[in-house]
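Q: My structure is below; once you've seen it, I'll send some questions.
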Amino acid sequence: MATYHMITPLSDEDVSKLEAGDIVYLSGKIYTARDAAHKRLVDLIEAGEELPFDLQGSVIYFVGPTPPKPGEPIGSAGPTTSYRMDSYSPTLIKHGQKGMIGKGKRNQAVKDACKEHKAVYFGATGGAGALIAKAIKSAKVIAYPELGPEAIRELEVEDFPVTVINDTKGNDLYQMGREKYEVKD
Amino acid sequence: MREIAYDDLVKSVKAMVMHTASHLPEDALKAIEKAYKEEKSEVAKSVLKQILDNAQLAREEDRPLCQDTGLAVYFVNVGEDVKVVGGSIRDAINEATEQAYKDGYLRASTCDCFDRHNLKDEVGYNLPAVIHFDIVPGDKIDIEYAAKGGGSENVSRATVLAPAQGKEGILNFVKQVISDAGPNPCPPIIVGVGIGGTFEVAAKSSKHALFREAGTQNPDPDLDAFEKEIMTELNKLGIGAMGMGGTQTVLAVHIEKNPCHIASLPVSVNVQCHSSRHSHITL
Ligand code: SF4
């Protein structure tokens with residue numbers, strides 16, 4: 001279990017050295033998107049149109065924050081459950097996305113895409129929304145404001161704490177961790 | 001007949017809802033601290049530390065503990081000798097919920113089940129609140145409240161077992177539900193188990209079981225022993241905090257049982273994440 005500090009956008013080299021269980025502090029720009037926004041991004045790719053942000057090396061955070069209090073960049077902003085993005089993530093990974101941040105299990109297609117195209121799935125701590133918000137220095141809506149909490153936001157983050165769940169070698173921390181601590185009678 | 005003014009009821013419920021969003025109750029805090037001390041996995045320990053730091057920050061800066069500020073769920077016991085003047089109890093609770101979500105900058109998460117659109121606004125309008133009423137003797141109104149997130153609700157399950165399956169069948173069902181859930185409900189979790197009654201009574205009991213203070217004993221010695229047995233078995237699954245592997249998956253198991261039909265054994269499992277935001281007031 002190693003600890004890294006990384007700055008986005010991430011390169012193939014960055015993600016290739018990460019292993020399931022490593023802790024990473026991310027800084028730089030990341031983008032928020034949930035199911036509705038993912039669907040629109042994939043539709044754009046399929047139509048051959050331009051995306052609202054550069055996908056190359058990008059990290060997408062699955063989050064629907066609480067409304068910000070006046071004067072604050074964002075409200076509480078912990079991860080949402082990731083499987084709802086499973087049908088869209090492989091397409092985005094194929095087109096250059098390097099990282100996803102969420103919580104909970106991914107399907108085999110996502111894990112395969114991570115291996116084939118070099119990308120990682122990071123887990124953030126669910127229910128740590130207040131703490132994570134501290135790592136978010138600014139937020140601005142860059143697409144689909146009509147989606148409310150689901151709009152795409154560009155976040156400037158500093159030492160955003162995440163753990164590698166699925167790495168580029170096909171490892172899955174959820175499986176490995178559980179096997180290690182499972183007690184079989 | 002004792003009277004309570006509608007506005008007073010709104011004010012008390014609103015204050016409770018706003019406070020609960022940012023203040024993790026003592027019982028949950030203690031249980032998580034204990035898990036932190038006992039956890040063997042370094043990764044899981046670091047997650048538990050984040051959860052504790054988050055609780056402290058949320059409390060000190062009055063920020064929502066989690067961005068999923070839940071559906072507002074209430075169990076309300078209304079005394080036979082008390083009445084609310086100036087409006088209905090249901091309206092007062094709904095009004096208090098709307099105001100609290102709005103003034104507290106809490107996320108409204110209620111939507112239509114088909115078009116998935118929020119029923120009114122993103123902020124504030126988290127209606128209708130889920131309210132379970134009961135009529136009891138006395139002249140008080142007793143309100144238990146929880147902000148119930150979606151992640152842990154999504155993995156909850158109910159079934160009706162054959163009576164012959166008994167305790168072993170119940171244990172296996174609970175184990176299967178929690179094993180399938182894995183990292184998704186934000187472990188460490190509290191597991192509410194409703195046993196007996198009819199199908200819907202079991203489900204409601206499993207929800208109400210989550211309102212009991214974690215760490216308190218079940219007054220029924222038989223159920224107390226069964227809770228401990230289930231908890232030991234569940235912790236053997238090795239899921240750990242946020243599913244990253246560990247010895248501390250379950251903070252508590254709470255059982256509520258009811259008499260049931262001679263032909264059936266309903267069982268319901270309602271899961272509560274570590275962000276166990278609940279409160280209680282008596283008026
Ligand atoms: S399961 Fe609980 S802690 Fe996790 S995101 Fe949902 S409400 Fe928050």
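Numbering starts fresh at 1 for the residues of each chain in the structure tokens, the chains themselves are lettered A, B, ... in the order given, and ligands are numbered from 1 as they appear.
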Applying 6 Å and only C-alpha atoms, which residues near region 111-118 of chain A remain after dropping the ones on its own chain fewer than 2 positions away? List them as a VMD selection string.
A: chain A and resid 90 108 to 109 120 168 to 170
Q: If the limit is 6 Å from any atom of ligand 1, counting only C-alpha atoms and all ligand atoms, which residues qualify? Return them as a PDB file with all heavy atoms, in the first residue's frame.
A:
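Dumped to selection.pdb:
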```
ATOM      1  N   THR A  80     -21.104   9.205  -4.907  1.00  0.00           N
ATOM      2  CA  THR A  80     -22.334   8.436  -5.017  1.00  0.00           C
ATOM      3  C   THR A  80     -21.989   7.039  -5.554  1.00  0.00           C
ATOM      4  O   THR A  80     -20.871   6.791  -5.996  1.00  0.00           O
ATOM      5  CB  THR A  80     -23.356   9.165  -5.916  1.00  0.00           C
ATOM      6  OG1 THR A  80     -24.619   8.503  -5.785  1.00  0.00           O
ATOM      7  CG2 THR A  80     -22.944   9.165  -7.368  1.00  0.00           C
ATOM      8  N   GLY A 126     -17.533   7.284   1.239  1.00  0.00           N
ATOM      9  CA  GLY A 126     -18.940   7.658   1.242  1.00  0.00           C
ATOM     10  C   GLY A 126     -19.313   8.186   2.617  1.00  0.00           C
ATOM     11  O   GLY A 126     -18.844   7.680   3.626  1.00  0.00           O
ATOM     12  N   GLY A 127     -20.107   9.237   2.642  1.00  0.00           N
ATOM     13  CA  GLY A 127     -20.509   9.786   3.920  1.00  0.00           C
ATOM     14  C   GLY A 127     -19.462  10.680   4.550  1.00  0.00           C
ATOM     15  O   GLY A 127     -19.590  11.091   5.694  1.00  0.00           O
TER      16      GLY A 127
ATOM     17  N   CYS B  66     -23.204  14.208   5.033  1.00  0.00           N
ATOM     18  CA  CYS B  66     -23.125  13.533   3.749  1.00  0.00           C
ATOM     19  C   CYS B  66     -23.938  14.342   2.747  1.00  0.00           C
ATOM     20  O   CYS B  66     -24.909  15.010   3.124  1.00  0.00           O
ATOM     21  CB  CYS B  66     -23.695  12.128   3.873  1.00  0.00           C
ATOM     22  SG  CYS B  66     -23.622  11.221   2.315  1.00  0.00           S
ATOM     23  N   ASP B  68     -25.799  13.077   0.548  1.00  0.00           N
ATOM     24  CA  ASP B  68     -27.136  12.493   0.499  1.00  0.00           C
ATOM     25  C   ASP B  68     -27.791  12.792   1.832  1.00  0.00           C
ATOM     26  O   ASP B  68     -27.551  12.107   2.828  1.00  0.00           O
ATOM     27  CB  ASP B  68     -27.076  10.991   0.245  1.00  0.00           C
ATOM     28  CG  ASP B  68     -28.485  10.402   0.102  1.00  0.00           C
ATOM     29  OD1 ASP B  68     -29.458  11.120   0.402  1.00  0.00           O
ATOM     30  OD2 ASP B  68     -28.609   9.240  -0.314  1.00  0.00           O
ATOM     31  N   GLY B 149     -30.492   7.811   3.794  1.00  0.00           N
ATOM     32  CA  GLY B 149     -29.842   7.898   2.489  1.00  0.00           C
ATOM     33  C   GLY B 149     -30.234   6.769   1.555  1.00  0.00           C
ATOM     34  O   GLY B 149     -30.768   5.734   1.984  1.00  0.00           O
ATOM     35  N   GLY B 150     -29.950   6.950   0.273  1.00  0.00           N
ATOM     36  CA  GLY B 150     -30.347   5.980  -0.739  1.00  0.00           C
ATOM     37  C   GLY B 150     -29.433   4.768  -0.830  1.00  0.00           C
ATOM     38  O   GLY B 150     -29.881   3.653  -1.095  1.00  0.00           O
ATOM     39  N   GLY B 151     -28.133   4.973  -0.622  1.00  0.00           N
ATOM     40  CA  GLY B 151     -27.168   3.893  -0.806  1.00  0.00           C
ATOM     41  C   GLY B 151     -27.473   2.672   0.046  1.00  0.00           C
ATOM     42  O   GLY B 151     -27.412   1.535  -0.422  1.00  0.00           O
ATOM     43  N   SER B 152     -27.810   2.920   1.310  1.00  0.00           N
ATOM     44  CA  SER B 152     -28.066   1.794   2.201  1.00  0.00           C
ATOM     45  C   SER B 152     -29.489   1.254   2.024  1.00  0.00           C
ATOM     46  O   SER B 152     -29.757   0.077   2.240  1.00  0.00           O
ATOM     47  CB  SER B 152     -27.816   2.211   3.651  1.00  0.00           C
ATOM     48  OG  SER B 152     -28.523   3.379   3.964  1.00  0.00           O
ATOM     49  N   PRO B 185     -23.459  -0.028   0.565  1.00  0.00           N
ATOM     50  CA  PRO B 185     -24.208   0.788   1.546  1.00  0.00           C
ATOM     51  C   PRO B 185     -23.318   1.599   2.485  1.00  0.00           C
ATOM     52  O   PRO B 185     -23.794   2.029   3.542  1.00  0.00           O
ATOM     53  CB  PRO B 185     -25.003  -0.262   2.319  1.00  0.00           C
ATOM     54  CG  PRO B 185     -24.150  -1.484   2.281  1.00  0.00           C
ATOM     55  CD  PRO B 185     -23.419  -1.455   0.956  1.00  0.00           C
ATOM     56  N   CYS B 186     -22.068   1.874   2.116  1.00  0.00           N
ATOM     57  CA  CYS B 186     -21.150   2.611   2.990  1.00  0.00           C
ATOM     58  C   CYS B 186     -20.961   1.966   4.358  1.00  0.00           C
ATOM     59  O   CYS B 186     -21.315   2.559   5.382  1.00  0.00           O
ATOM     60  CB  CYS B 186     -21.601   4.071   3.160  1.00  0.00           C
ATOM     61  SG  CYS B 186     -21.421   5.039   1.677  1.00  0.00           S
ATOM     62  N   CYS B 273     -26.370   3.061   6.837  1.00  0.00           N
ATOM     63  CA  CYS B 273     -24.947   3.333   6.679  1.00  0.00           C
ATOM     64  C   CYS B 273     -24.367   3.916   7.969  1.00  0.00           C
ATOM     65  O   CYS B 273     -25.103   4.248   8.894  1.00  0.00           O
ATOM     66  CB  CYS B 273     -24.750   4.317   5.533  1.00  0.00           C
ATOM     67  SG  CYS B 273     -25.650   5.867   5.788  1.00  0.00           S
ATOM     68  N   HIS B 274     -23.046   4.103   7.974  1.00  0.00           N
ATOM     69  CA  HIS B 274     -22.401   4.673   9.167  1.00  0.00           C
ATOM     70  C   HIS B 274     -22.902   6.074   9.479  1.00  0.00           C
ATOM     71  O   HIS B 274     -22.843   6.526  10.614  1.00  0.00           O
ATOM     72  CB  HIS B 274     -20.881   4.665   9.002  1.00  0.00           C
ATOM     73  CG  HIS B 274     -20.390   5.523   7.874  1.00  0.00           C
ATOM     74  ND1 HIS B 274     -20.324   6.890   7.969  1.00  0.00           N
ATOM     75  CD2 HIS B 274     -19.993   5.216   6.615  1.00  0.00           C
ATOM     76  CE1 HIS B 274     -19.894   7.386   6.826  1.00  0.00           C
ATOM     77  NE2 HIS B 274     -19.683   6.385   5.976  1.00  0.00           N
ATOM     78  N   SER B 275     -23.410   6.784   8.453  1.00  0.00           N
ATOM     79  CA  SER B 275     -23.921   8.142   8.689  1.00  0.00           C
ATOM     80  C   SER B 275     -25.340   8.034   9.256  1.00  0.00           C
ATOM     81  O   SER B 275     -26.313   8.447   8.627  1.00  0.00           O
ATOM     82  CB  SER B 275     -23.908   8.926   7.378  1.00  0.00           C
ATOM     83  OG  SER B 275     -23.958  10.309   7.645  1.00  0.00           O
TER      84      SER B 275
END
```
Q: Which residues of chain A sit at most 10 Å from chain B, using only C-alpha atoms? Give each one's shortest atom pair and distance in Å (one decimal place), in chain and ascending residue order, as a tab-separated table.
A:
```
residue	atom	partner	partner_atom	distance
A:Met1	CA	B:Val43	CA	8.3
A:Ala20	CA	B:Met244	CA	9.8
A:Gly21	CA	B:Val43	CA	7.2
A:Asp22	CA	B:Val43	CA	8.8
A:Ile23	CA	B:Val43	CA	8.6
A:Val63	CA	B:Gln67	CA	8.3
A:Gly64	CA	B:Gln67	CA	7.0
A:Pro65	CA	B:Gln67	CA	5.2
A:Thr66	CA	B:Arg107	CA	4.7
A:Pro67	CA	B:Tyr105	CA	5.5
A:Pro68	CA	B:Tyr105	CA	6.8
A:Lys69	CA	B:Tyr105	CA	6.4
A:Pro70	CA	B:Tyr105	CA	9.5
A:Gly75	CA	B:Gln67	CA	7.5
A:Ser76	CA	B:Gln67	CA	4.9
A:Ala77	CA	B:Gln67	CA	5.3
A:Gly78	CA	B:Gln67	CA	5.9
A:Pro79	CA	B:Gln67	CA	8.3
A:Thr80	CA	B:Gly151	CA	7.9
A:Thr81	CA	B:Asn184	CA	6.5
A:Ser82	CA	B:Asn184	CA	8.7
A:Tyr83	CA	B:Asn184	CA	9.2
A:Lys103	CA	B:Asn184	CA	6.8
A:Gly104	CA	B:Asn184	CA	4.5
A:Lys105	CA	B:Pro183	CA	6.8
A:Gly123	CA	B:Met242	CA	8.4
A:Ala124	CA	B:Met242	CA	8.6
A:Thr125	CA	B:Val47	CA	6.5
A:Gly126	CA	B:Cys186	CA	5.8
A:Gly127	CA	B:Cys66	CA	4.6
A:Ala128	CA	B:Asn54	CA	5.3
A:Gly129	CA	B:Cys66	CA	4.5
A:Ala130	CA	B:Leu65	CA	5.6
A:Leu131	CA	B:Asn54	CA	4.9
A:Ile132	CA	B:Asn54	CA	8.2
A:Ala133	CA	B:Arg63	CA	9.7
A:Lys134	CA	B:Leu57	CA	9.6
A:Leu147	CA	B:His117	CA	9.5
A:Gly148	CA	B:Glu122	CA	6.7
A:Pro149	CA	B:Glu122	CA	7.5
A:Pro161	CA	B:Gln50	CA	9.4
A:Val162	CA	B:Val47	CA	9.8
A:Thr163	CA	B:Val43	CA	8.5
A:Val164	CA	B:Met244	CA	9.9
A:Ile165	CA	B:Met244	CA	8.1
A:Asp172	CA	B:Met244	CA	9.5
A:Leu173	CA	B:Met244	CA	6.0
A:Tyr174	CA	B:Met244	CA	5.1
A:Gln175	CA	B:Gly245	CA	7.9
A:Met176	CA	B:Gly245	CA	7.3
A:Gly177	CA	B:Gly245	CA	3.6
A:Arg178	CA	B:Gly245	CA	4.3
A:Glu179	CA	B:Gly238	CA	7.0
A:Lys180	CA	B:Gly245	CA	7.0
A:Tyr181	CA	B:Gly238	CA	4.4
A:Glu182	CA	B:Gly238	CA	4.1
A:Val183	CA	B:Lys236	CA	4.8
A:Lys184	CA	B:Lys236	CA	7.3
A:Asp185	CA	B:Lys236	CA	9.0
```
Q: Where in region 104-258 of chain B does DSSP assign strand (DSSP E or B), given as JSON, numbers by chain?
A: {"B": [107, 111, 118, 123, 130, 131, 132, 133, 134, 135, 136, 141, 142, 143, 144, 145, 146, 147, 148, 157, 158, 159, 160, 161, 189, 190, 191, 192, 193, 194, 195, 196, 250, 251, 252, 253, 254, 255, 256, 257, 258]}
Q: Would you write out those residues with C-alpha atoms, as a compact mmCIF listing (two decimals), in the first residue's frame?
A:
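Dumped to selection04.txt:
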```
# COMPACT_ATOMS: atom_id res chain seq x y z
CA ARG B 107 -30.21 18.35 -0.83
CA CYS B 111 -38.34 12.51 -7.20
CA ASN B 118 -37.41 16.31 -8.54
CA VAL B 123 -33.26 22.77 -2.60
CA VAL B 130 -42.26 9.52 5.06
CA ILE B 131 -44.39 9.47 8.20
CA HIS B 132 -45.47 6.38 10.16
CA PHE B 133 -48.19 7.32 12.65
CA ASP B 134 -49.40 5.40 15.65
CA ILE B 135 -51.96 6.28 18.33
CA VAL B 136 -50.83 5.64 21.92
CA ILE B 141 -46.44 13.55 20.84
CA ASP B 142 -43.32 11.50 20.40
CA ILE B 143 -41.35 11.95 17.17
CA GLU B 144 -38.44 9.83 16.01
CA TYR B 145 -36.66 11.13 12.94
CA ALA B 146 -34.00 9.84 10.55
CA ALA B 147 -32.43 11.24 7.39
CA LYS B 148 -32.30 8.04 5.38
CA ARG B 157 -34.41 -6.70 1.18
CA ALA B 158 -37.50 -8.51 2.47
CA THR B 159 -38.74 -12.06 2.07
CA VAL B 160 -41.16 -14.55 3.56
CA LEU B 161 -39.49 -17.74 4.76
CA ILE B 189 -23.36 -0.42 8.84
CA ILE B 190 -26.17 -0.94 11.31
CA VAL B 191 -28.49 -3.78 10.37
CA GLY B 192 -32.18 -3.61 11.24
CA VAL B 193 -34.00 -6.94 11.12
CA GLY B 194 -37.79 -7.17 11.26
CA ILE B 195 -39.04 -10.67 11.97
CA GLY B 196 -42.64 -11.87 11.90
CA VAL B 250 -21.24 -4.12 11.24
CA LEU B 251 -21.60 -1.65 14.11
CA ALA B 252 -24.79 -3.18 15.48
CA VAL B 253 -27.65 -5.57 14.69
CA HIS B 254 -31.10 -4.61 15.95
CA ILE B 255 -34.05 -6.98 15.84
CA GLU B 256 -37.77 -6.26 16.25
CA LYS B 257 -40.13 -9.19 16.23
CA ASN B 258 -43.90 -9.54 15.90
```
Q: Go through B:Thr249, B:Pro163, B:Leu171, B:Ser206 and flag the residue nearest Ile262 (chain B), using only C-alpha atoms for the distances.
A: B:Pro163
Q: Pick out the closest residue to Tyr25 (chain A) from this set: A:Ala119, A:Met85, A:Ile136, A:Met6. Count only C-alpha atoms.
A: A:Met6
Q: Calculate how many Å separate CA of Ala21 (chain B) from CA of Arg277 (chain B), rounding to one decimal.
A: 6.7 Å
Q: Ala36 (chain A): which residues within 10 Å, counting only C-alpha atoms, same-chain residues fewer than 6 positions away excluded, as a VMD selection string?
A: chain A and resid 84 to 85 144 147 150 to 152
Q: So how far away is CA of Ile230 (chain B) from CA of Val269 (chain B), in Å?
A: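 Interatomic distance here is 12.0 Å.
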Q: Can you list, as an mmCIF file with N, CA and C atoms, in the first residue's frame, every residue of region 7-183 of chain A that DSSP puts in alpha helix (DSSP H)?
A:
```cif
data_model
loop_
_atom_site.group_PDB
_atom_site.id
_atom_site.type_symbol
_atom_site.label_atom_id
_atom_site.label_comp_id
_atom_site.auth_asym_id
_atom_site.auth_seq_id
_atom_site.Cartn_x
_atom_site.Cartn_y
_atom_site.Cartn_z
ATOM 1 N N ASP A 12 -0.746 7.864 -18.882
ATOM 2 C CA ASP A 12 -0.705 6.399 -18.826
ATOM 3 C C ASP A 12 0.314 5.947 -17.790
ATOM 4 N N GLU A 13 1.418 6.682 -17.745
ATOM 5 C CA GLU A 13 2.486 6.348 -16.814
ATOM 6 C C GLU A 13 2.013 6.500 -15.360
ATOM 7 N N ASP A 14 1.303 7.614 -15.090
ATOM 8 C CA ASP A 14 0.764 7.837 -13.733
ATOM 9 C C ASP A 14 -0.095 6.655 -13.298
ATOM 10 N N VAL A 15 -1.095 6.346 -14.124
ATOM 11 C CA VAL A 15 -2.061 5.327 -13.686
ATOM 12 C C VAL A 15 -1.453 3.927 -13.669
ATOM 13 N N SER A 16 -0.474 3.691 -14.519
ATOM 14 C CA SER A 16 0.105 2.348 -14.580
ATOM 15 C C SER A 16 0.851 1.976 -13.310
ATOM 16 N N ASP A 35 -25.346 9.897 -13.671
ATOM 17 C CA ASP A 35 -25.915 9.148 -14.793
ATOM 18 C C ASP A 35 -26.381 10.028 -15.957
ATOM 19 N N ALA A 36 -27.174 11.046 -15.632
ATOM 20 C CA ALA A 36 -27.771 11.846 -16.704
ATOM 21 C C ALA A 36 -26.695 12.523 -17.552
ATOM 22 N N ALA A 37 -25.679 13.077 -16.881
ATOM 23 C CA ALA A 37 -24.598 13.751 -17.613
ATOM 24 C C ALA A 37 -23.762 12.740 -18.394
ATOM 25 N N HIS A 38 -23.557 11.555 -17.826
ATOM 26 C CA HIS A 38 -22.806 10.513 -18.538
ATOM 27 C C HIS A 38 -23.493 10.138 -19.841
ATOM 28 N N LYS A 39 -24.800 10.041 -19.772
ATOM 29 C CA LYS A 39 -25.553 9.659 -20.967
ATOM 30 C C LYS A 39 -25.322 10.695 -22.068
ATOM 31 N N ARG A 40 -25.350 11.969 -21.667
ATOM 32 C CA ARG A 40 -25.158 13.025 -22.668
ATOM 33 C C ARG A 40 -23.751 12.988 -23.259
ATOM 34 N N LEU A 41 -22.752 12.721 -22.418
ATOM 35 C CA LEU A 41 -21.372 12.663 -22.914
ATOM 36 C C LEU A 41 -21.220 11.539 -23.933
ATOM 37 N N VAL A 42 -21.778 10.386 -23.614
ATOM 38 C CA VAL A 42 -21.677 9.240 -24.516
ATOM 39 C C VAL A 42 -22.434 9.521 -25.821
ATOM 40 N N ASP A 43 -23.586 10.167 -25.710
ATOM 41 C CA ASP A 43 -24.338 10.539 -26.919
ATOM 42 C C ASP A 43 -23.500 11.457 -27.815
ATOM 43 N N LEU A 44 -22.794 12.403 -27.205
ATOM 44 C CA LEU A 44 -21.948 13.329 -27.970
ATOM 45 C C LEU A 44 -20.831 12.570 -28.683
ATOM 46 N N ILE A 45 -20.203 11.645 -27.956
ATOM 47 C CA ILE A 45 -19.109 10.867 -28.557
ATOM 48 C C ILE A 45 -19.641 10.085 -29.759
ATOM 49 N N GLU A 46 -20.804 9.462 -29.547
ATOM 50 C CA GLU A 46 -21.363 8.647 -30.641
ATOM 51 C C GLU A 46 -21.742 9.496 -31.846
ATOM 52 N N SER A 89 -19.132 4.270 -18.600
ATOM 53 C CA SER A 89 -17.705 4.468 -18.346
ATOM 54 C C SER A 89 -16.786 3.852 -19.406
ATOM 55 N N PRO A 90 -17.046 2.603 -19.884
ATOM 56 C CA PRO A 90 -16.099 2.034 -20.857
ATOM 57 C C PRO A 90 -15.917 2.913 -22.099
ATOM 58 N N THR A 91 -16.986 3.529 -22.585
ATOM 59 C CA THR A 91 -16.872 4.396 -23.763
ATOM 60 C C THR A 91 -15.973 5.592 -23.460
ATOM 61 N N LEU A 92 -16.169 6.192 -22.281
ATOM 62 C CA LEU A 92 -15.352 7.363 -21.924
ATOM 63 C C LEU A 92 -13.884 6.967 -21.756
ATOM 64 N N ILE A 93 -13.661 5.806 -21.163
ATOM 65 C CA ILE A 93 -12.282 5.335 -20.955
ATOM 66 C C ILE A 93 -11.603 5.112 -22.312
ATOM 67 N N LYS A 94 -12.351 4.524 -23.221
ATOM 68 C CA LYS A 94 -11.824 4.261 -24.554
ATOM 69 C C LYS A 94 -11.402 5.568 -25.243
ATOM 70 N N GLN A 108 -17.752 -6.005 -14.790
ATOM 71 C CA GLN A 108 -16.561 -6.541 -15.453
ATOM 72 C C GLN A 108 -16.159 -5.672 -16.649
ATOM 73 N N ALA A 109 -17.157 -5.118 -17.356
ATOM 74 C CA ALA A 109 -16.843 -4.306 -18.540
ATOM 75 C C ALA A 109 -15.986 -3.099 -18.163
ATOM 76 N N VAL A 110 -16.282 -2.488 -17.018
ATOM 77 C CA VAL A 110 -15.495 -1.333 -16.575
ATOM 78 C C VAL A 110 -14.079 -1.785 -16.198
ATOM 79 N N LYS A 111 -14.004 -2.892 -15.467
ATOM 80 C CA LYS A 111 -12.679 -3.391 -15.050
ATOM 81 C C LYS A 111 -11.847 -3.747 -16.282
ATOM 82 N N ASP A 112 -12.490 -4.356 -17.270
ATOM 83 C CA ASP A 112 -11.776 -4.719 -18.502
ATOM 84 C C ASP A 112 -11.275 -3.473 -19.228
ATOM 85 N N ALA A 113 -12.118 -2.453 -19.274
ATOM 86 C CA ALA A 113 -11.734 -1.210 -19.953
ATOM 87 C C ALA A 113 -10.535 -0.571 -19.244
ATOM 88 N N CYS A 114 -10.517 -0.636 -17.908
ATOM 89 C CA CYS A 114 -9.400 -0.080 -17.137
ATOM 90 C C CYS A 114 -8.099 -0.782 -17.504
ATOM 91 N N LYS A 115 -8.200 -2.082 -17.713
ATOM 92 C CA LYS A 115 -7.018 -2.874 -18.038
ATOM 93 C C LYS A 115 -6.578 -2.590 -19.478
ATOM 94 N N GLU A 116 -7.526 -2.613 -20.380
ATOM 95 C CA GLU A 116 -7.203 -2.481 -21.799
ATOM 96 C C GLU A 116 -6.690 -1.088 -22.158
ATOM 97 N N HIS A 117 -7.339 -0.056 -21.615
ATOM 98 C CA HIS A 117 -6.990 1.310 -22.028
ATOM 99 C C HIS A 117 -6.238 2.097 -20.954
ATOM 100 N N GLY A 129 -18.737 13.644 3.198
ATOM 101 C CA GLY A 129 -19.003 14.783 2.313
ATOM 102 C C GLY A 129 -18.474 16.117 2.797
ATOM 103 N N ALA A 130 -18.488 16.329 4.105
ATOM 104 C CA ALA A 130 -18.014 17.604 4.638
ATOM 105 C C ALA A 130 -16.496 17.680 4.518
ATOM 106 N N LEU A 131 -15.847 16.570 4.840
ATOM 107 C CA LEU A 131 -14.383 16.500 4.793
ATOM 108 C C LEU A 131 -13.874 16.658 3.357
ATOM 109 N N ILE A 132 -14.512 15.956 2.428
ATOM 110 C CA ILE A 132 -14.079 16.003 1.034
ATOM 111 C C ILE A 132 -14.270 17.414 0.464
ATOM 112 N N ALA A 133 -15.345 18.074 0.877
ATOM 113 C CA ALA A 133 -15.600 19.434 0.381
ATOM 114 C C ALA A 133 -14.425 20.361 0.685
ATOM 115 N N LYS A 134 -13.716 20.058 1.775
ATOM 116 C CA LYS A 134 -12.563 20.879 2.171
ATOM 117 C C LYS A 134 -11.454 20.843 1.108
ATOM 118 N N LEU A 173 -9.721 -4.110 -5.294
ATOM 119 C CA LEU A 173 -9.519 -4.035 -3.840
ATOM 120 C C LEU A 173 -10.700 -4.629 -3.072
ATOM 121 N N TYR A 174 -11.920 -4.450 -3.589
ATOM 122 C CA TYR A 174 -13.088 -4.992 -2.888
ATOM 123 C C TYR A 174 -12.975 -6.505 -2.732
ATOM 124 N N GLN A 175 -12.474 -7.159 -3.799
ATOM 125 C CA GLN A 175 -12.316 -8.609 -3.735
ATOM 126 C C GLN A 175 -11.117 -8.996 -2.872
ATOM 127 N N MET A 176 -10.000 -8.323 -3.128
ATOM 128 C CA MET A 176 -8.765 -8.675 -2.415
ATOM 129 C C MET A 176 -8.902 -8.431 -0.923
ATOM 130 N N GLY A 177 -9.466 -7.274 -0.577
ATOM 131 C CA GLY A 177 -9.612 -6.897 0.830
ATOM 132 C C GLY A 177 -10.502 -7.884 1.555
ATOM 133 N N ARG A 178 -11.578 -8.216 0.875
ATOM 134 C CA ARG A 178 -12.535 -9.112 1.507
ATOM 135 C C ARG A 178 -11.963 -10.517 1.687
ATOM 136 N N GLU A 179 -11.259 -10.989 0.657
ATOM 137 C CA GLU A 179 -10.668 -12.331 0.761
ATOM 138 C C GLU A 179 -9.675 -12.403 1.913
ATOM 139 N N LYS A 180 -8.965 -11.309 2.109
ATOM 140 C CA LYS A 180 -7.957 -11.282 3.153
ATOM 141 C C LYS A 180 -8.577 -11.378 4.552
ATOM 142 N N TYR A 181 -9.733 -10.739 4.724
ATOM 143 C CA TYR A 181 -10.303 -10.661 6.070
ATOM 144 C C TYR A 181 -11.503 -11.575 6.296
#
```
Q: Can you tell me how far CA of Ser138 (chain A) sits from CA of Ile74 (chain A), in Å to one decimal?
A: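 Here the two named atoms are 7.5 Å from each other.
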